[in-house]
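Encoded as structure tokens, the structure appears first; notes follow it.
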Amino acid sequence: MVEAELMRVSIIGTGYLGATTAACLTDMGFEVIGVDVDEAKIDMLRSGQVPFYEPGLDEILTENMKTGRLRFTTSFAEAAEFADLHLVCVGTPQRDDSGAADLSYVNSAIEQLAPHLTRPTVVVGRSTVPVGTAATLAARLATLAPVGEEAELGWSPEFLREGFGVEDTLHPNRIVIGTESPRVEKVMRALWQRQINEGVPFLVTDMQTAELVKVSANAFLATKISFINAMAEVSEVAGADVMQLAEALSYDDRIGGKFLGPGLGFGGGCLPKDIRAFMARADELGVEPALSFLREVDAINQRRRARTIDIARQLIGGNFAGRTVTVLGAAFKPNSDDIRDSPALDVASTIASLGARVTVYDPAALDRAREEHPQLGYAPSMLEAAQDADVVLLLTEWAEFREANPKKLGAVVAQKKIVDGRNALDPTYWRASGWTYRALGRQ
């Protein structure tokens, strides 16, 4: 195998994970080719445009394309000829007919790449897949590749957080590789040698364990979020303050404060679909009871959306018909334009279906939201979105919303009523400015 500084890498799939990985590996000094069957996406990347919002990625992509070390193609043959290492970074969305993962993109990536592998090659999956998938793909790769078993497969889950993808790629908190092949391990150590030298843990496991790491982490995080939101349900009825409760819990170092923020709950393209796919796989393996608690985790998360709608309805007298509602936020989280399973847009759409005129503003996700939810109204700024509103709902905790001036916002609304779906605002400050303030888990 070639030395690290000469290693060429192909990235199969140029969505969020793939494009971010491609740009960052090039920034680390590797020659990289990104491969995708979507010609429009490839054309955008070739022109230096990132087809999604991720802070800092545009600059890294543009600068590294100028060096000539980064390019994009739709040809698997070109990628196979070019690269020594292939990283599979395609999506595994939830299937339409069940909670299981749709593996068609992963299967297709292997089947399109393998026939072009005519020399010893390492292929490493980074997609989140049900446990047992990698072993099946390894056998398929060896069968389809002209080089046979010299095309070796490993699995290395990704841990990128949207909004922090560049940082998490260049400075990960751990690197996991599932393999029993010394060659695969050697290649992956060479890929991440800089990070290993910086002290990043490098864990080598079997492929099944590697497959379980990401989905287990997401299941744990989802459980922690739903736990504090369950406490929010209790707090509202009991007259307690869930924010004070969360703070008190956070000082216990066995618990910690991360992911202990009560509010509207989680969404996006990872946590919801990953916990559902995990449950589906457990059922297939005959251990469904082991993950039955995740059904309640999912249910609590969905109830937060309904509760937010109920609070807003109470504030305006019990009926949305004919009312004007402002929703601040469309992305599922700040610093992203990802609207997959967005709690904010779910709430906005439901309120609109109940007869309200809903106007949405988001700093980055308006174009995507408008395409998916044309029935909603949209505004180019927070103040324009809030014009004549009977109630304002803060549903994505962008810094722009956290730092909003209640007096300026109050000057344009019809009624100073706000639902803080993320517990992102200071209730005392907003109430002192004349607002009726409500939040999940607080009186």
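FYI, nothing fancy with the structure tokens labels: chains A, B, ... in order, residues from 1 per chain, ligands from 1 as they appear.
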At most 12 Å is the cut-off: for each residue in range 183-299 of chain A with any atom that close to an atom of range 402-420 of chain A, write down the nearest atom pair and the distance in Å rounded to one decimal, counting only C-alpha atoms, chain first then increasing number, as CSV.
residue,atom,partner,partner_atom,distance
A:Pro262,CA,A:Asp420,CA,10.8
A:Gly263,CA,A:Asp420,CA,8.2
A:Leu264,CA,A:Asp420,CA,9.1
Practice task
Using CA of Ala139 in chain A and CA of Leu153 in chain A as the two end points, give the distance in Å to one decimal.
Solution key: 8.9 Å
Sorted by chain and rising residue number, list the residues of range 138-240 of chain A at most 12 Å from range 62-80 of chain A (counting only C-alpha atoms), each with its closest atom pair and distance in Å to one decimal, as a Markdown table.
| residue | atom | partner | partner_atom | distance |
| --- | --- | --- | --- | --- |
| A:Ala145 | CA | A:Ala80 | CA | 10.8 |
| A:Pro146 | CA | A:Ala80 | CA | 11.8 |
| A:Val147 | CA | A:Ala80 | CA | 11.9 |
| A:Ala151 | CA | A:Ala80 | CA | 11.2 |
Write the residues of the selection above to a file with N, CA, C and O atoms, as an mmCIF file, in the first residue's frame.
data_model
loop_
_atom_site.group_PDB
_atom_site.id
_atom_site.type_symbol
_atom_site.label_atom_id
_atom_site.label_comp_id
_atom_site.auth_asym_id
_atom_site.auth_seq_id
_atom_site.Cartn_x
_atom_site.Cartn_y
_atom_site.Cartn_z
ATOM 1 N N ALA A 145 -15.840 -7.690 -7.425
ATOM 2 C CA ALA A 145 -14.584 -7.048 -7.816
ATOM 3 C C ALA A 145 -13.697 -8.021 -8.596
ATOM 4 O O ALA A 145 -13.502 -9.158 -8.170
ATOM 5 N N PRO A 146 -13.139 -7.592 -9.731
ATOM 6 C CA PRO A 146 -12.208 -8.453 -10.475
ATOM 7 C C PRO A 146 -11.024 -8.905 -9.639
ATOM 8 O O PRO A 146 -10.488 -9.994 -9.854
ATOM 9 N N VAL A 147 -10.631 -8.100 -8.651
ATOM 10 C CA VAL A 147 -9.491 -8.454 -7.814
ATOM 11 C C VAL A 147 -9.889 -9.417 -6.696
ATOM 12 O O VAL A 147 -9.040 -9.896 -5.940
ATOM 13 N N ALA A 151 -10.014 -6.885 -2.629
ATOM 14 C CA ALA A 151 -10.830 -5.701 -2.345
ATOM 15 C C ALA A 151 -11.421 -5.921 -0.960
ATOM 16 O O ALA A 151 -12.361 -6.693 -0.783
#
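For Phe293 in chain A, the set of protein, DNA and RNA residues having any atom at most 12 Å away, when counting only C-alpha atoms and skipping those fewer than 3 positions along the same chain, is Ala219, Phe220, Ala222, Thr223, Ser226, Phe227, Ile275, Arg276, Phe278, Met279, Glu288, Pro289, Ala290, Glu296, Val297, Asp298, Ala299 and Ile300 of chain A.
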Exercise for the section: Taking the DSSP assignment computed from this structure's backbone, write out as number ranges by chain all residues of range 237-358 of chain A that belong to alpha helix (DSSP H). Expected result: A: 237-238, 242-250, 271-284, 293-315, 343-353
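Remark: for Ser336 in chain A, the closest of the candidate residues A:Ala190, A:Val123, A:Leu57, A:Leu113 is A:Leu57 (distances computed over only C-alpha atoms).
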Handout entry: Interatomic distance, CA of Glu371 in chain A to CA of Asp390 in chain A (Å, one decimal)
Key = 25.7 Å
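For the pair CA of Val9 in chain A and CA of Leu61 in chain A, the interatomic distance is 15.6 Å.
Residues in contact with Thr20 in chain A at 8 Å, where only C-alpha atoms are counted and same-chain residues fewer than 2 positions away are skipped, are listed as Tyr16, Leu17, Gly18, Ala22, Ala23, Cys24, Leu57, Gly165, Val166 and Thr169 of chain A.
Residues in contact range of Gly441 in chain A, defined as at most 6 Å between only C-alpha atoms, with sequence neighbours fewer than 6 positions away removed, read Ala232, Glu233, Ser235, Glu236 and Val242 of chain A.
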Exercise for the section: Would you mind listing what lies within 9 Å of Leu245 in chain A as JSON, numbers by chain, with only C-alpha atoms counted and same-chain residues fewer than 4 positions away left out? Expected result: {"A": [228, 231, 235, 240, 241, 249, 250]}
Problem - For Ile311 in chain A, the nearest of the candidates A:Leu366, A:Ala386, A:Ala399, A:Ala439, counting only C-alpha atoms - result: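 Closest residue, counting only C-alpha atoms: A:Ala439.
If only C-alpha atoms are the atoms counted, then among A:Arg305, A:Arg161, A:Arg357, A:Arg368 the closest residue to Leu395 in chain A is A:Arg305.
Between Ser108 in chain A and the candidates A:His86, A:Arg95, A:Arg140, A:Arg295, the tightest atom-to-atom separation, counting only C-alpha atoms, involves A:Arg140.
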What's around Val360 in chain A at 9 Å? Count only C-alpha atoms, leave out sequence neighbours fewer than 2 positions away in its own chain, and write the answer as an mmCIF file with N, CA and C atoms, in the first residue's frame.
data_model
loop_
_atom_site.group_PDB
_atom_site.id
_atom_site.type_symbol
_atom_site.label_atom_id
_atom_site.label_comp_id
_atom_site.auth_asym_id
_atom_site.auth_seq_id
_atom_site.Cartn_x
_atom_site.Cartn_y
_atom_site.Cartn_z
ATOM 1 N N VAL A 325 -49.805 33.818 12.865
ATOM 2 C CA VAL A 325 -48.794 33.147 13.688
ATOM 3 C C VAL A 325 -47.428 33.277 13.030
ATOM 4 N N THR A 326 -46.437 33.626 13.828
ATOM 5 C CA THR A 326 -45.051 33.701 13.350
ATOM 6 C C THR A 326 -44.254 32.536 13.924
ATOM 7 N N VAL A 327 -43.534 31.828 13.064
ATOM 8 C CA VAL A 327 -42.650 30.746 13.493
ATOM 9 C C VAL A 327 -41.215 31.147 13.177
ATOM 10 N N LEU A 328 -40.404 31.231 14.207
ATOM 11 C CA LEU A 328 -38.985 31.547 14.050
ATOM 12 C C LEU A 328 -38.206 30.237 14.041
ATOM 13 N N GLY A 329 -37.762 29.847 12.857
ATOM 14 C CA GLY A 329 -37.013 28.609 12.694
ATOM 15 C C GLY A 329 -37.674 27.678 11.717
ATOM 16 N N ALA A 330 -36.860 27.104 10.835
ATOM 17 C CA ALA A 330 -37.315 26.079 9.898
ATOM 18 C C ALA A 330 -36.379 24.879 9.929
ATOM 19 N N LEU A 345 -40.960 22.959 11.458
ATOM 20 C CA LEU A 345 -41.852 22.933 10.302
ATOM 21 C C LEU A 345 -43.050 22.013 10.543
ATOM 22 N N ALA A 348 -45.323 24.252 12.496
ATOM 23 C CA ALA A 348 -45.847 25.299 11.619
ATOM 24 C C ALA A 348 -46.922 24.755 10.685
ATOM 25 N N VAL A 358 -49.673 31.335 8.770
ATOM 26 C CA VAL A 358 -48.363 31.114 9.384
ATOM 27 C C VAL A 358 -47.262 31.677 8.497
ATOM 28 N N ASP A 362 -36.227 31.845 8.814
ATOM 29 C CA ASP A 362 -35.049 31.101 9.238
ATOM 30 C C ASP A 362 -33.840 31.703 8.529
ATOM 31 N N LEU A 366 -34.735 28.782 4.450
ATOM 32 C CA LEU A 366 -35.986 29.210 3.818
ATOM 33 C C LEU A 366 -36.215 28.554 2.457
ATOM 34 N N ALA A 369 -37.280 24.990 2.959
ATOM 35 C CA ALA A 369 -38.602 24.953 3.581
ATOM 36 C C ALA A 369 -39.695 25.318 2.584
ATOM 37 N N LEU A 376 -47.058 27.273 3.488
ATOM 38 C CA LEU A 376 -46.703 28.240 4.528
ATOM 39 C C LEU A 376 -46.254 29.557 3.911
ATOM 40 N N GLY A 377 -46.345 30.615 4.697
ATOM 41 C CA GLY A 377 -45.805 31.899 4.268
ATOM 42 C C GLY A 377 -44.370 32.046 4.753
ATOM 43 N N TYR A 378 -43.586 32.859 4.047
ATOM 44 C CA TYR A 378 -42.183 33.040 4.402
ATOM 45 C C TYR A 378 -41.818 34.513 4.322
ATOM 46 N N ALA A 379 -40.878 34.928 5.160
ATOM 47 C CA ALA A 379 -40.431 36.317 5.187
ATOM 48 C C ALA A 379 -38.909 36.349 5.238
ATOM 49 N N PRO A 380 -38.311 37.407 4.685
ATOM 50 C CA PRO A 380 -36.846 37.471 4.614
ATOM 51 C C PRO A 380 -36.166 37.972 5.878
ATOM 52 N N MET A 382 -36.713 38.523 10.505
ATOM 53 C CA MET A 382 -37.500 38.227 11.695
ATOM 54 C C MET A 382 -38.608 39.247 11.902
ATOM 55 N N ALA A 385 -41.382 38.798 9.392
ATOM 56 C CA ALA A 385 -42.176 37.604 9.696
ATOM 57 C C ALA A 385 -43.146 37.861 10.842
ATOM 58 N N ALA A 386 -42.745 38.716 11.783
ATOM 59 C CA ALA A 386 -43.550 38.958 12.983
ATOM 60 C C ALA A 386 -44.606 40.039 12.796
#
